[in-house]
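Asker: Sharing my_file_8.json, JSON, C-alpha atoms and all ligand atoms:
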```
[["chain", "number", "residue", "atom", "x", "y", "z"],
["A", 1389, "MET", "CA", 123.77, 99.74, 90.05],
["A", 1390, "ASN", "CA", 125.58, 98.35, 93.08],
["A", 1391, "ALA", "CA", 123.74, 96.50, 95.84],
["A", 1392, "ASP", "CA", 126.59, 95.88, 98.27],
["A", 1393, "ALA", "CA", 125.87, 95.80, 102.00],
["A", 1394, "GLY", "CA", 125.19, 99.21, 103.46],
["A", 1395, "THR", "CA", 124.27, 100.76, 100.12],
["A", 1396, "ILE", "CA", 121.12, 102.13, 98.54],
["A", 1397, "ALA", "CA", 120.52, 100.95, 94.96],
["A", 1398, "MET", "CA", 118.59, 103.36, 92.76],
["A", 1399, "PRO", "CA", 117.05, 101.58, 89.76],
["A", 1400, "ASP", "CA", 115.64, 103.58, 86.85],
["A", 1401, "THR", "CA", 112.95, 101.09, 85.80],
["A", 1402, "ILE", "CA", 110.80, 98.38, 87.39],
["A", 1403, "ASP", "CA", 112.68, 95.74, 85.38],
["A", 1404, "GLU", "CA", 115.96, 96.98, 86.80],
["A", 1405, "ALA", "CA", 114.46, 96.91, 90.29],
["A", 1406, "LEU", "CA", 113.19, 93.34, 89.84],
["A", 1407, "ASP", "CA", 116.56, 92.20, 88.47],
["A", 1408, "ALA", "CA", 118.24, 93.69, 91.53],
["A", 1409, "MET", "CA", 115.78, 91.87, 93.83],
["A", 1410, "ALA", "CA", 116.43, 88.60, 91.96],
["A", 1411, "ALA", "CA", 120.19, 89.04, 92.28],
["A", 1412, "ASN", "CA", 119.95, 89.89, 95.98],
["A", 1413, "PRO", "CA", 116.71, 88.88, 97.76],
["A", 1414, "ASP", "CA", 118.09, 90.50, 100.95],
["A", 1415, "LEU", "CA", 117.60, 93.92, 99.36],
["A", 1416, "ILE", "CA", 115.01, 95.91, 101.26],
["A", 1417, "PRO", "CA", 112.66, 97.98, 99.08],
["A", 1418, "VAL", "CA", 112.17, 101.55, 100.26],
["A", 1419, "ALA", "CA", 109.21, 103.67, 99.15],
["A", 1420, "GLY", "CA", 108.42, 106.62, 101.44],
["A", 1421, "ALA", "CA", 110.75, 105.28, 104.20],
["A", 1422, "THR", "CA", 108.30, 106.41, 106.88],
["A", 1423, "ASP", "CA", 108.23, 102.95, 108.45],
["A", 1424, "LEU", "CA", 111.67, 101.74, 107.52],
["A", 1425, "PHE", "CA", 113.78, 104.61, 108.73],
["A", 1426, "VAL", "CA", 111.81, 105.61, 111.77],
["A", 1427, "HIS", "CA", 114.21, 103.77, 114.11],
["A", 1428, "TRP", "CA", 117.22, 104.31, 111.88],
["A", 1429, "PRO", "CA", 119.50, 106.17, 114.32],
["A", 1430, "GLU", "CA", 119.39, 103.55, 117.07],
["A", 1431, "HIS", "CA", 118.99, 100.34, 115.00],
["A", 1432, "LEU", "CA", 122.62, 100.06, 114.03],
["A", 1433, "GLU", "CA", 122.20, 96.68, 112.31],
["A", 1434, "ALA", "CA", 119.84, 98.37, 109.82],
["A", 1435, "HIS", "CA", 122.77, 100.53, 108.69],
["A", 1436, "GLU", "CA", 124.48, 97.40, 107.35],
["A", 1437, "ARG", "CA", 121.55, 96.29, 105.19],
["A", 1438, "SER", "CA", 121.19, 97.08, 101.48],
["A", 1439, "TYR", "CA", 118.22, 99.04, 100.21],
["A", 1440, "LEU", "CA", 116.42, 99.49, 96.92],
["A", 1441, "ASP", "CA", 115.02, 102.98, 96.53],
["A", 1442, "LEU", "CA", 111.68, 102.89, 94.69],
["A", 1443, "SER", "CA", 110.73, 106.46, 95.45],
["A", 1444, "HIS", "CA", 111.68, 107.96, 92.08],
["A", 1445, "LEU", "CA", 110.34, 105.13, 89.85],
["A", 1446, "HIS", "CA", 107.78, 106.89, 87.66],
["A", 1447, "GLU", "CA", 106.37, 103.55, 86.52],
["A", 1448, "LEU", "CA", 105.11, 102.94, 90.06],
["A", 1449, "ARG", "CA", 103.31, 106.25, 90.26],
["A", 1450, "GLY", "CA", 99.91, 107.20, 88.99],
["A", 1451, "ILE", "CA", 96.25, 106.50, 89.67],
["A", 1452, "THR", "CA", 94.01, 105.17, 86.89],
["A", 1453, "PHE", "CA", 90.22, 104.99, 86.80],
["A", 1454, "THR", "CA", 88.73, 102.71, 84.13],
["A", 1455, "GLU", "CA", 85.07, 101.74, 83.88],
["A", 1456, "GLU", "CA", 85.60, 98.66, 86.05],
["A", 1457, "THR", "CA", 88.72, 99.27, 88.12],
["A", 1458, "ILE", "CA", 90.75, 101.80, 90.06],
["A", 1459, "THR", "CA", 94.50, 101.25, 90.04],
["A", 1460, "LEU", "CA", 96.93, 102.76, 92.53],
["A", 1461, "GLY", "CA", 100.55, 102.45, 91.46],
["A", 1462, "ALA", "CA", 102.72, 101.19, 94.32],
["A", 1463, "GLY", "CA", 104.23, 104.66, 94.62],
["A", 1464, "THR", "CA", 100.84, 106.25, 95.38],
["A", 1465, "SER", "CA", 100.97, 108.25, 98.60],
["A", 1466, "TYR", "CA", 98.11, 109.06, 100.96],
["A", 1467, "TRP", "CA", 98.31, 112.65, 99.78],
["A", 1468, "ASP", "CA", 97.83, 111.58, 96.14],
["A", 1469, "VAL", "CA", 94.46, 110.13, 97.20],
["A", 1470, "ILE", "CA", 93.49, 112.99, 99.53],
["A", 1471, "ARG", "CA", 93.98, 115.61, 96.82],
["A", 1472, "ASP", "CA", 92.28, 113.62, 94.04],
["A", 1473, "PRO", "CA", 88.60, 114.70, 93.81],
["A", 1474, "ARG", "CA", 87.61, 111.38, 92.26],
["A", 1475, "PHE", "CA", 88.25, 109.65, 95.60],
["A", 1476, "ARG", "CA", 86.31, 112.28, 97.52],
["A", 1477, "ASP", "CA", 83.31, 111.56, 95.31],
["A", 1478, "GLU", "CA", 83.60, 107.81, 94.95],
["A", 1479, "LEU", "CA", 85.71, 106.38, 97.77],
["A", 1480, "PRO", "CA", 85.67, 108.77, 100.72],
["A", 1481, "ILE", "CA", 86.60, 105.79, 102.91],
["A", 1482, "LEU", "CA", 90.13, 105.97, 101.47],
["A", 1483, "VAL", "CA", 90.34, 109.74, 101.92],
["A", 1484, "ASN", "CA", 89.15, 109.44, 105.52],
["A", 1485, "ALA", "CA", 91.68, 106.71, 106.26],
["A", 1486, "ALA", "CA", 94.50, 108.66, 104.58],
["A", 1487, "ARG", "CA", 93.72, 111.78, 106.61],
["A", 1488, "THR", "CA", 94.27, 109.87, 109.87],
["A", 1489, "VAL", "CA", 97.74, 108.63, 108.93],
["A", 1490, "GLY", "CA", 100.36, 110.59, 110.87],
["A", 1491, "ALA", "CA", 100.50, 114.23, 109.80],
["A", 1492, "VAL", "CA", 100.79, 115.85, 106.36],
["A", 1493, "GLN", "CA", 104.52, 115.10, 106.22],
["A", 1494, "ILE", "CA", 103.82, 111.36, 106.56],
["A", 1495, "GLN", "CA", 100.81, 111.53, 104.23],
["A", 1496, "THR", "CA", 102.93, 113.03, 101.44],
["A", 1497, "ARG", "CA", 105.75, 110.46, 101.77],
["A", 1498, "GLY", "CA", 104.00, 107.28, 102.97],
["A", 1499, "THR", "CA", 102.54, 104.92, 100.38],
["A", 1500, "TRP", "CA", 99.56, 102.55, 100.47],
["A", 1501, "ALA", "CA", 101.82, 99.75, 99.22],
["A", 1502, "GLY", "CA", 104.30, 100.44, 102.03],
["A", 1503, "ASN", "CA", 101.43, 100.23, 104.52],
["A", 1504, "ILE", "CA", 100.48, 96.82, 103.07],
["A", 1505, "ALA", "CA", 104.06, 95.47, 103.02],
["A", 1506, "ASN", "CA", 104.85, 96.78, 106.49],
["A", 1507, "ALA", "CA", 102.05, 94.46, 107.65],
["A", 1508, "SER", "CA", 101.26, 96.21, 110.92],
["A", 1509, "PRO", "CA", 97.99, 94.95, 112.40],
["A", 1510, "ALA", "CA", 97.38, 98.58, 113.46],
["A", 1511, "ALA", "CA", 97.67, 99.98, 109.93],
["A", 1512, "ASP", "CA", 95.01, 102.43, 108.72],
["A", 1513, "GLY", "CA", 95.36, 102.09, 104.96],
["A", 1514, "VAL", "CA", 95.10, 98.30, 104.94],
["A", 1515, "PRO", "CA", 91.60, 97.92, 106.48],
["A", 1516, "ALA", "CA", 90.18, 100.67, 104.26],
["A", 1517, "LEU", "CA", 91.60, 98.97, 101.15],
["A", 1518, "MET", "CA", 90.42, 95.58, 102.41],
["A", 1519, "ALA", "CA", 86.86, 96.85, 102.80],
["A", 1520, "CYS", "CA", 87.05, 97.85, 99.10],
["A", 1521, "ASP", "CA", 88.17, 94.35, 98.01],
["A", 1522, "ALA", "CA", 91.66, 95.47, 97.02],
["A", 1523, "THR", "CA", 93.95, 93.14, 95.11],
["A", 1524, "VAL", "CA", 97.73, 93.28, 95.56],
["A", 1525, "HIS", "CA", 99.78, 92.93, 92.38],
["A", 1526, "LEU", "CA", 103.28, 91.54, 92.89],
["A", 1527, "ALA", "CA", 106.04, 91.05, 90.37],
["A", 1528, "SER", "CA", 109.34, 89.19, 90.29],
["A", 1529, "ALA", "CA", 111.95, 88.83, 87.56],
["A", 1530, "ALA", "CA", 111.72, 85.03, 87.75],
["A", 1531, "ARG", "CA", 107.93, 84.48, 87.85],
["A", 1532, "GLY", "CA", 106.38, 87.59, 86.34],
["A", 1533, "GLU", "CA", 103.22, 89.01, 87.91],
["A", 1534, "THR", "CA", 100.96, 87.41, 90.51],
["A", 1535, "THR", "CA", 97.92, 88.79, 92.29],
["A", 1536, "VAL", "CA", 96.64, 88.17, 95.80],
["A", 1537, "PRO", "CA", 93.40, 89.52, 97.29],
["A", 1538, "LEU", "CA", 94.43, 91.78, 100.18],
["A", 1539, "ALA", "CA", 92.00, 89.90, 102.45],
["A", 1540, "ASP", "CA", 94.13, 86.75, 101.90],
["A", 1541, "PHE", "CA", 97.53, 88.47, 101.88],
["A", 1542, "TYR", "CA", 98.47, 88.05, 105.55],
["A", 1543, "LEU", "CA", 99.43, 84.69, 107.00],
["A", 1544, "GLY", "CA", 100.33, 85.75, 110.54],
["A", 1545, "TYR", "CA", 102.01, 88.60, 112.39],
["A", 1546, "LYS", "CA", 104.22, 90.32, 109.79],
["A", 1547, "GLN", "CA", 103.91, 87.23, 107.59],
["A", 1548, "MET", "CA", 102.54, 87.71, 104.10],
["A", 1549, "ARG", "CA", 102.23, 86.19, 100.66],
["A", 1550, "ARG", "CA", 105.18, 88.09, 99.28],
["A", 1551, "GLU", "CA", 108.36, 86.31, 98.26],
["A", 1552, "PRO", "CA", 111.71, 87.99, 99.02],
["A", 1553, "ASP", "CA", 112.34, 88.74, 95.33],
["A", 1554, "GLU", "CA", 108.90, 90.30, 94.79],
["A", 1555, "LEU", "CA", 107.80, 93.90, 94.71],
["A", 1556, "ILE", "CA", 104.29, 95.22, 95.01],
["A", 1557, "THR", "CA", 103.74, 97.05, 91.73],
["A", 1558, "ARG", "CA", 100.15, 98.18, 92.12],
["A", 1559, "ILE", "CA", 96.88, 97.83, 94.00],
["A", 1560, "THR", "CA", 93.55, 97.48, 92.19],
["A", 1561, "LEU", "CA", 90.01, 98.04, 93.44],
["A", 1562, "PRO", "CA", 86.77, 97.14, 91.70],
["A", 1563, "ARG", "CA", 84.54, 100.15, 91.00],
["A", 1564, "ARG", "CA", 81.24, 99.75, 92.79],
["A", 1565, "ALA", "CA", 78.23, 101.87, 93.63],
["A", 1566, "TYR", "CA", 78.70, 101.74, 97.38],
["A", 1567, "ASP", "CA", 75.71, 102.89, 99.42],
["A", 1568, "PHE", "CA", 77.70, 102.76, 102.68],
["A", 1569, "GLN", "CA", 81.34, 103.52, 103.48],
["A", 1570, "TYR", "CA", 82.71, 103.87, 106.97],
["A", 1571, "PHE", "CA", 86.17, 104.33, 108.47],
["A", 1572, "GLU", "CA", 86.78, 104.66, 112.20],
["A", 1573, "LYS", "CA", 90.00, 104.70, 114.16],
["A", 1574, "VAL", "CA", 90.03, 104.85, 117.94],
["A", 1575, "GLY", "CA", 93.26, 106.21, 119.34],
["A", 1576, "ALA", "CA", 94.56, 108.07, 122.35],
["A", 1577, "ARG", "CA", 93.78, 111.35, 120.54],
["A", 1578, "ASN", "CA", 92.22, 112.53, 117.31],
["A", 1579, "ALA", "CA", 95.39, 113.01, 115.27],
["A", 1580, "GLN", "CA", 98.91, 111.58, 115.10],
["A", 1581, "THR", "CA", 97.95, 108.37, 116.81],
["A", 1582, "ILE", "CA", 98.22, 104.64, 116.21],
["A", 1583, "ALA", "CA", 94.93, 102.76, 116.32],
["A", 1584, "LYS", "CA", 93.82, 101.02, 119.51],
["A", 1585, "VAL", "CA", 91.03, 99.67, 117.32],
["A", 1586, "GLY", "CA", 90.19, 100.33, 113.67],
["A", 1587, "VAL", "CA", 87.15, 99.45, 111.59],
["A", 1588, "SER", "CA", 86.46, 99.88, 107.87],
["A", 1589, "MET", "CA", 83.13, 98.91, 106.32],
["A", 1590, "THR", "CA", 81.46, 99.10, 102.93],
["A", 1591, "HIS", "CA", 78.19, 97.92, 101.48],
["A", 1592, "ALA", "CA", 77.11, 97.70, 97.85],
["A", 1593, "ALA", "CA", 74.13, 95.83, 96.47],
["A", 1594, "GLU", "CA", 76.38, 93.75, 94.20],
["A", 1595, "SER", "CA", 78.97, 92.76, 96.81],
["A", 1596, "GLY", "CA", 77.13, 92.90, 100.15],
["A", 1597, "TRP", "CA", 78.99, 93.84, 103.33],
["A", 1598, "ARG", "CA", 82.74, 94.11, 103.76],
["A", 1599, "ILE", "CA", 84.07, 94.61, 107.28],
["A", 1600, "ALA", "CA", 87.77, 94.86, 108.12],
["A", 1601, "ALA", "CA", 89.15, 95.24, 111.63],
["A", 1602, "ALA", "CA", 92.54, 96.53, 112.77],
["A", 1603, "SER", "CA", 94.48, 96.22, 116.04],
["A", 1604, "VAL", "CA", 92.39, 93.31, 117.32],
["A", 1605, "ALA", "CA", 94.45, 90.37, 115.99],
["A", 1606, "PRO", "CA", 97.99, 89.68, 114.72],
["A", 1607, "VAL", "CA", 96.83, 90.76, 111.24],
["A", 1608, "THR", "CA", 94.22, 93.09, 109.79],
["A", 1609, "LEU", "CA", 91.14, 90.90, 109.63],
["A", 1610, "ARG", "CA", 88.34, 90.62, 107.16],
["A", 1611, "CYS", "CA", 85.28, 89.68, 109.28],
["A", 1612, "ARG", "CA", 83.57, 87.24, 106.94],
["A", 1613, "ASN", "CA", 81.45, 85.56, 109.62],
["A", 1614, "LEU", "CA", 80.00, 88.85, 110.74],
["A", 1615, "GLU", "CA", 79.44, 89.99, 107.14],
["A", 1616, "ALA", "CA", 77.45, 86.80, 106.51],
["A", 1617, "GLN", "CA", 75.24, 87.51, 109.55],
["A", 1618, "LEU", "CA", 74.00, 90.83, 108.19],
["A", 1619, "ASP", "CA", 71.07, 91.45, 105.89],
["A", 1620, "ASP", "CA", 71.21, 94.25, 103.32],
["A", 1621, "GLU", "CA", 70.00, 96.76, 105.90],
["A", 1622, "GLY", "CA", 72.82, 95.77, 108.24],
["A", 1623, "ARG", "CA", 70.58, 93.91, 110.69],
["A", 1624, "PRO", "CA", 72.29, 90.88, 112.24],
["A", 1625, "ALA", "CA", 70.43, 87.57, 112.07],
["A", 1626, "SER", "CA", 70.75, 87.38, 115.85],
["A", 1627, "PRO", "CA", 72.15, 90.22, 117.99],
["A", 1628, "ASP", "CA", 73.41, 87.63, 120.50],
["A", 1629, "ASP", "CA", 75.70, 86.14, 117.89],
["A", 1630, "PHE", "CA", 77.36, 89.45, 117.10],
["A", 1631, "GLU", "CA", 80.39, 89.07, 119.38],
["A", 1632, "SER", "CA", 80.71, 85.33, 118.72],
["A", 1633, "ALA", "CA", 80.81, 86.05, 114.97],
["A", 1634, "LEU", "CA", 83.69, 88.45, 115.61],
["A", 1635, "GLN", "CA", 85.49, 85.79, 117.65],
["A", 1636, "ALA", "CA", 84.98, 83.28, 114.85],
["A", 1637, "ASP", "CA", 86.54, 85.83, 112.52],
["A", 1638, "GLY", "CA", 89.68, 85.78, 114.65],
["A", 1639, "VAL", "CA", 89.15, 88.90, 116.75],
["A", 1640, "ALA", "CA", 91.45, 88.13, 119.69],
["A", 1641, "PRO", "CA", 92.95, 91.38, 120.99],
["A", 1642, "ILE", "CA", 95.92, 91.61, 123.32],
["A", 1643, "ASP", "CA", 97.04, 94.00, 126.07],
["A", 1644, "ASP", "CA", 99.83, 96.28, 124.90],
["A", 1645, "ILE", "CA", 101.16, 99.78, 125.47],
["A", 1646, "ARG", "CA", 98.25, 101.33, 123.58],
["A", 1647, "SER", "CA", 95.28, 99.52, 125.09],
["A", 1648, "THR", "CA", 93.88, 96.44, 126.78],
["A", 1649, "ALA", "CA", 92.33, 93.33, 125.30],
["A", 1650, "ALA", "CA", 89.11, 93.94, 127.25],
["A", 1651, "TYR", "CA", 88.76, 97.52, 125.96],
["A", 1652, "ARG", "CA", 89.44, 96.46, 122.38],
["A", 1653, "SER", "CA", 86.95, 93.60, 122.51],
["A", 1654, "LYS", "CA", 84.18, 95.89, 123.72],
["A", 1655, "VAL", "CA", 85.02, 98.80, 121.45],
["A", 1656, "ILE", "CA", 85.28, 96.82, 118.22],
["A", 1657, "ALA", "CA", 81.78, 95.40, 118.72],
["A", 1658, "CYS", "CA", 80.37, 98.80, 119.75],
["A", 1659, "ILE", "CA", 81.84, 100.62, 116.75],
["A", 1660, "ILE", "CA", 80.44, 98.14, 114.26],
["A", 1661, "TRP", "CA", 77.09, 98.00, 116.04],
["A", 1662, "HIS", "CA", 76.72, 101.80, 116.04],
["A", 1663, "ALA", "CA", 77.88, 102.10, 112.43],
["A", 1664, "LEU", "CA", 75.23, 99.61, 111.38],
["A", 1665, "ALA", "CA", 72.58, 101.31, 113.50],
["B", 1, "LIG", "C1", 105.32, 109.76, 112.64],
["B", 1, "LIG", "C2", 104.68, 108.59, 111.95],
["B", 1, "LIG", "C3", 103.30, 108.44, 112.04],
["B", 1, "LIG", "C4", 102.66, 107.35, 111.41],
["B", 1, "LIG", "N1", 101.31, 107.24, 111.54],
["B", 1, "LIG", "C5", 100.68, 106.19, 110.95],
["B", 1, "LIG", "C6", 99.27, 106.07, 111.07],
["B", 1, "LIG", "O1", 98.59, 106.90, 111.69],
["B", 1, "LIG", "N2", 98.68, 105.00, 110.47],
["B", 1, "LIG", "C7", 99.40, 104.09, 109.75],
["B", 1, "LIG", "O2", 98.81, 103.15, 109.20],
["B", 1, "LIG", "N3", 100.74, 104.18, 109.63],
["B", 1, "LIG", "C8", 101.40, 105.21, 110.20],
["B", 1, "LIG", "N4", 102.75, 105.31, 110.09],
["B", 1, "LIG", "C9", 103.49, 104.27, 109.37],
["B", 1, "LIG", "C10", 103.81, 104.57, 107.89],
["B", 1, "LIG", "O3", 103.77, 105.93, 107.60],
["B", 1, "LIG", "C11", 102.84, 103.84, 106.92],
["B", 1, "LIG", "O4", 102.80, 102.46, 107.18],
["B", 1, "LIG", "C12", 103.23, 104.08, 105.46],
["B", 1, "LIG", "O5", 102.15, 103.70, 104.65],
["B", 1, "LIG", "C13", 104.47, 103.31, 105.03],
["B", 1, "LIG", "O6", 104.71, 103.61, 103.67],
["B", 1, "LIG", "P1", 106.17, 103.96, 103.14],
["B", 1, "LIG", "O7", 106.02, 104.20, 101.67],
["B", 1, "LIG", "O8", 106.80, 105.04, 103.92],
["B", 1, "LIG", "O9", 106.89, 102.56, 103.40],
["B", 1, "LIG", "P2", 108.44, 102.27, 103.69],
["B", 1, "LIG", "O10", 108.83, 102.75, 105.04],
["B", 1, "LIG", "O11", 109.29, 102.72, 102.55],
["B", 1, "LIG", "O12", 108.39, 100.68, 103.68],
["B", 1, "LIG", "C14", 107.58, 99.98, 104.60],
["B", 1, "LIG", "C15", 107.71, 98.47, 104.33],
["B", 1, "LIG", "O13", 107.16, 98.15, 103.06],
["B", 1, "LIG", "C16", 108.15, 97.59, 102.19],
["B", 1, "LIG", "N5", 107.80, 98.12, 100.87],
["B", 1, "LIG", "C17", 107.56, 99.42, 100.54],
["B", 1, "LIG", "N6", 107.18, 99.50, 99.26],
["B", 1, "LIG", "C18", 107.19, 98.24, 98.76],
["B", 1, "LIG", "C19", 106.88, 97.66, 97.50],
["B", 1, "LIG", "N7", 106.47, 98.41, 96.45],
["B", 1, "LIG", "N8", 106.99, 96.32, 97.35],
["B", 1, "LIG", "C20", 107.36, 95.55, 98.40],
["B", 1, "LIG", "N9", 107.65, 96.03, 99.61],
["B", 1, "LIG", "C21", 107.57, 97.36, 99.80],
["B", 1, "LIG", "C22", 109.47, 98.03, 102.75],
["B", 1, "LIG", "O14", 110.52, 97.16, 102.42],
["B", 1, "LIG", "C23", 109.16, 98.01, 104.25],
["B", 1, "LIG", "O15", 109.21, 96.68, 104.73],
["B", 1, "LIG", "C24", 103.42, 106.39, 110.69],
["B", 1, "LIG", "C25", 104.82, 106.55, 110.58],
["B", 1, "LIG", "C26", 105.43, 107.64, 111.20],
["B", 1, "LIG", "C27", 106.92, 107.79, 111.08]]
```
What do you get writing this file as structure tokens?
Ligand SMILES: Cc1cc2nc3c(=O)[nH]c(=O)nc-3n(C[C@H](O)[C@H](O)[C@H](O)COP(=O)(O)OP(=O)(O)OC[C@H]3O[C@@H](n4cnc5c(N)ncnc54)[C@H](O)[C@@H]3O)c2cc1C
Answerer:
Amino acid sequence: MNADAGTIAMPDTIDEALDAMAANPDLIPVAGATDLFVHWPEHLEAHERSYLDLSHLHELRGITFTEETITLGAGTSYWDVIRDPRFRDELPILVNAARTVGAVQIQTRGTWAGNIANASPAADGVPALMACDATVHLASAARGETTVPLADFYLGYKQMRREPDELITRITLPRRAYDFQYFEKVGARNAQTIAKVGVSMTHAAESGWRIAAASVAPVTLRCRNLEAQLDDEGRPASPDDFESALQADGVAPIDDIRSTAAYRSKVIACIIWHALA
């Protein structure tokens, strides 16, 4: 396996992949390539980088349901979740999120792990997973496996708790009897759009509320202050504190090509308010 500049290394096992990452932390892992190669033709400097193709690693594929946990191998695509009836029954929030990602071509190639590692604050998979208390499992040849709750994974814009020699190997979710699941993405149109604002919410008696917001901060946010304001019926302690709780959670949208800060601030509060109502 050769990882010289401008090449694509193709490991046969996870161990081989981790050894390659240890030997050359500049290697860029590639899963579905739907983020990485989107600007390929014009980003000439990217042609000189070295890549590690994970797409055919069978060890990274597969979805497992045990009594307590659901595991998505890092190679799990959106389509793998859409077509799996267990998710339709138990976690429709993930199916709904997956169905809004690009079109079928992107859903069949793009992975949940790639969505996490790409670290876009406008991602659709990340907030849905965050609302389900996902844990990210990382591995390196030097340090073995570590886990990080997805809600604590991001440190700033495109900054995350992933070392250069680490790969995401899987994502785990606790199995819960959710009585409420909600995914909403506001875009310029209904399909093939990047979120102006995104919200994912769950409620279960055992865990309480989980609310994750996209496109309103440099990272996907878990809104812990707002969650703490809500009783089990979703009633806020004080309606007046609703927007200030969101601000305390770090909701601080910006103006960009997709929307304005003012629109995002209003819409995020409205979506959550109406979902709770
Ligand atoms: C036309 C189009 C439409 C899109 N629409 C949407 C959309 O609606 N919503 C949305 O959220 N996204 C969208 N995307 C972005 C993209 O499809 C998703 O983010 C997808 O989940 C990326 O997964 P991937 O497997 O293709 O990642 P890749 O492109 O292979 O990689 C993305 C990043 O993750 C890293 N990476 C991948 N796997 C691992 C791993 N196992 N360990 C460590 N790092 C890893 C890569 O190095 C890279 O930095 C769209 C993209 C395109 C081209």
Asker: Could you list as a PyMOL selection string every residue that has an atom within 10 Å of (97.5, 88.1, 108.6), using the file's coordinates and counting all atoms listed in the file?
Answerer: chain A and resi 1507-1509+1538-1549+1605-1610
Asker: Kindly compile the residues surrounding ligand LIG 1 (chain B) within 8 Å, counting all atoms listed in the file, and format them as a PyMOL selection string.
Answerer: chain A and resi 1416-1426+1442+1448+1462-1463+1465-1466+1488-1491+1494-1495+1497-1508+1510-1514+1526+1550+1554-1558+1579-1583
Asker: Segment 1517-1522 of chain A: which residues within 8 Å, counting all atoms listed in the file, same-chain residues fewer than 4 positions away excluded, as a PyMOL selection string?
Answerer: chain A and resi 1482+1513+1537-1539+1559-1562+1588-1590+1598-1600+1610
Asker: Grab the residues selected above and save them as a CSV table (one decimal), in the frame of the given file with C-alpha atoms.
Answerer:
```
chain,number,residue,atom,x,y,z
A,1482,LEU,CA,90.1,106.0,101.5
A,1513,GLY,CA,95.4,102.1,105.0
A,1537,PRO,CA,93.4,89.5,97.3
A,1538,LEU,CA,94.4,91.8,100.2
A,1539,ALA,CA,92.0,89.9,102.4
A,1559,ILE,CA,96.9,97.8,94.0
A,1560,THR,CA,93.6,97.5,92.2
A,1561,LEU,CA,90.0,98.0,93.4
A,1562,PRO,CA,86.8,97.1,91.7
A,1588,SER,CA,86.5,99.9,107.9
A,1589,MET,CA,83.1,98.9,106.3
A,1590,THR,CA,81.5,99.1,102.9
A,1598,ARG,CA,82.7,94.1,103.8
A,1599,ILE,CA,84.1,94.6,107.3
A,1600,ALA,CA,87.8,94.9,108.1
A,1610,ARG,CA,88.3,90.6,107.2
```
Asker: Please determine, counting all atoms listed in the file, which residue among A:Val1574, A:Ala1397, A:Leu1664, A:Leu1479 has the shortest atom-to-atom distance to Leu1614 of chain A.
Answerer: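 Under the stated criterion, the closest residue is A:Leu1664.
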Asker: Between atom CA of Glu1594 of chain A and atom CA of Val1655 of chain A, what distance in Å does the model show, to one decimal?
Answerer: 29.0 Å
Asker: To one decimal place in Å, what is the distance between atom CA of Arg1577 of chain A and atom CA of Trp1661 of chain A?
Answerer: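 Result for atom CA of Arg1577 of chain A versus atom CA of Trp1661 of chain A: 21.8 Å, one decimal.
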Asker: Just give me the gap between atom CA of Asn1613 of chain A and atom CA of Thr1459 of chain A in Å, one decimal is fine.
Answerer: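 So the answer is 28.3 Å.
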Asker: I'd like to know which of A:Gln1569, A:Thr1496, A:Thr1401, A:Ser1438 is closest to Val1469 of chain A, using only C-alpha atoms.
Answerer: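 Of A:Gln1569, A:Thr1496, A:Thr1401, A:Ser1438, the one nearest Val1469 of chain A is A:Thr1496, counting only C-alpha atoms.
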Asker: Set the distance at 7 Å and use only C-alpha atoms: which residues neighbour Gly1450 of chain A once local chain neighbours fewer than 3 positions away are removed? I'd like the list as a list of chain:residue names.
Answerer: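 Listing them by chain and then by number gives A:Leu1460, A:Gly1461, A:Thr1464.
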Asker: As number ranges by chain, please: the residues near Phe1475 of chain A (cut-off 12 Å, only C-alpha atoms, same-chain neighbours under 3 positions excluded).
Answerer: A: 1451-1453, 1458-1460, 1466-1472, 1478-1486, 1561, 1563
Asker: Output the selection as a short mmCIF file (atom, residue, chain, number, x, y, z; two decimals), in the frame of the given file - C-alpha atoms for each residue.
Answerer:
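File produced: selection.cif:
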```cif
data_model
loop_
_atom_site.label_atom_id
_atom_site.label_comp_id
_atom_site.auth_asym_id
_atom_site.auth_seq_id
_atom_site.Cartn_x
_atom_site.Cartn_y
_atom_site.Cartn_z
CA ILE A 1451 96.25 106.50 89.67
CA THR A 1452 94.01 105.17 86.89
CA PHE A 1453 90.22 104.99 86.80
CA ILE A 1458 90.75 101.80 90.06
CA THR A 1459 94.50 101.25 90.04
CA LEU A 1460 96.93 102.76 92.53
CA TYR A 1466 98.11 109.06 100.96
CA TRP A 1467 98.31 112.65 99.78
CA ASP A 1468 97.83 111.58 96.14
CA VAL A 1469 94.46 110.13 97.20
CA ILE A 1470 93.49 112.99 99.53
CA ARG A 1471 93.98 115.61 96.82
CA ASP A 1472 92.28 113.62 94.04
CA GLU A 1478 83.60 107.81 94.95
CA LEU A 1479 85.71 106.38 97.77
CA PRO A 1480 85.67 108.77 100.72
CA ILE A 1481 86.60 105.79 102.91
CA LEU A 1482 90.13 105.97 101.47
CA VAL A 1483 90.34 109.74 101.92
CA ASN A 1484 89.15 109.44 105.52
CA ALA A 1485 91.68 106.71 106.26
CA ALA A 1486 94.50 108.66 104.58
CA LEU A 1561 90.01 98.04 93.44
CA ARG A 1563 84.54 100.15 91.00
#
```
Asker: As AutoDock Vina command-line options, please report the centre and edge lengths, rounded to one decimal in Å, of the axis-aligned box that holds all listed atoms of segment 1462-1466 of chain A with 6 Å of padding on each of the six sides.
Answerer:
```
--center_x 101.2 --center_y 105.1 --center_z 97.6 --size_x 18.1 --size_y 19.9 --size_z 18.6
```
Asker: Which one of A:Ala1657, A:Ala1527, A:Ala1565, A:Ile1642 sits closest to Asp1629 of chain A if you count all atoms listed in the file?
Answerer: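 Counting all atoms listed in the file, the residue closest to Asp1629 of chain A is A:Ala1657.
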Asker: With a distance cut-off of 10 Å and all atoms listed in the file, select the neighbouring residues of Asp1553 of chain A, excluding the residue or stretch itself and same-chain residues fewer than 4 positions from it, and output the selection as a VMD selection string.
Answerer: chain A and resid 1405 to 1417 1526 to 1531
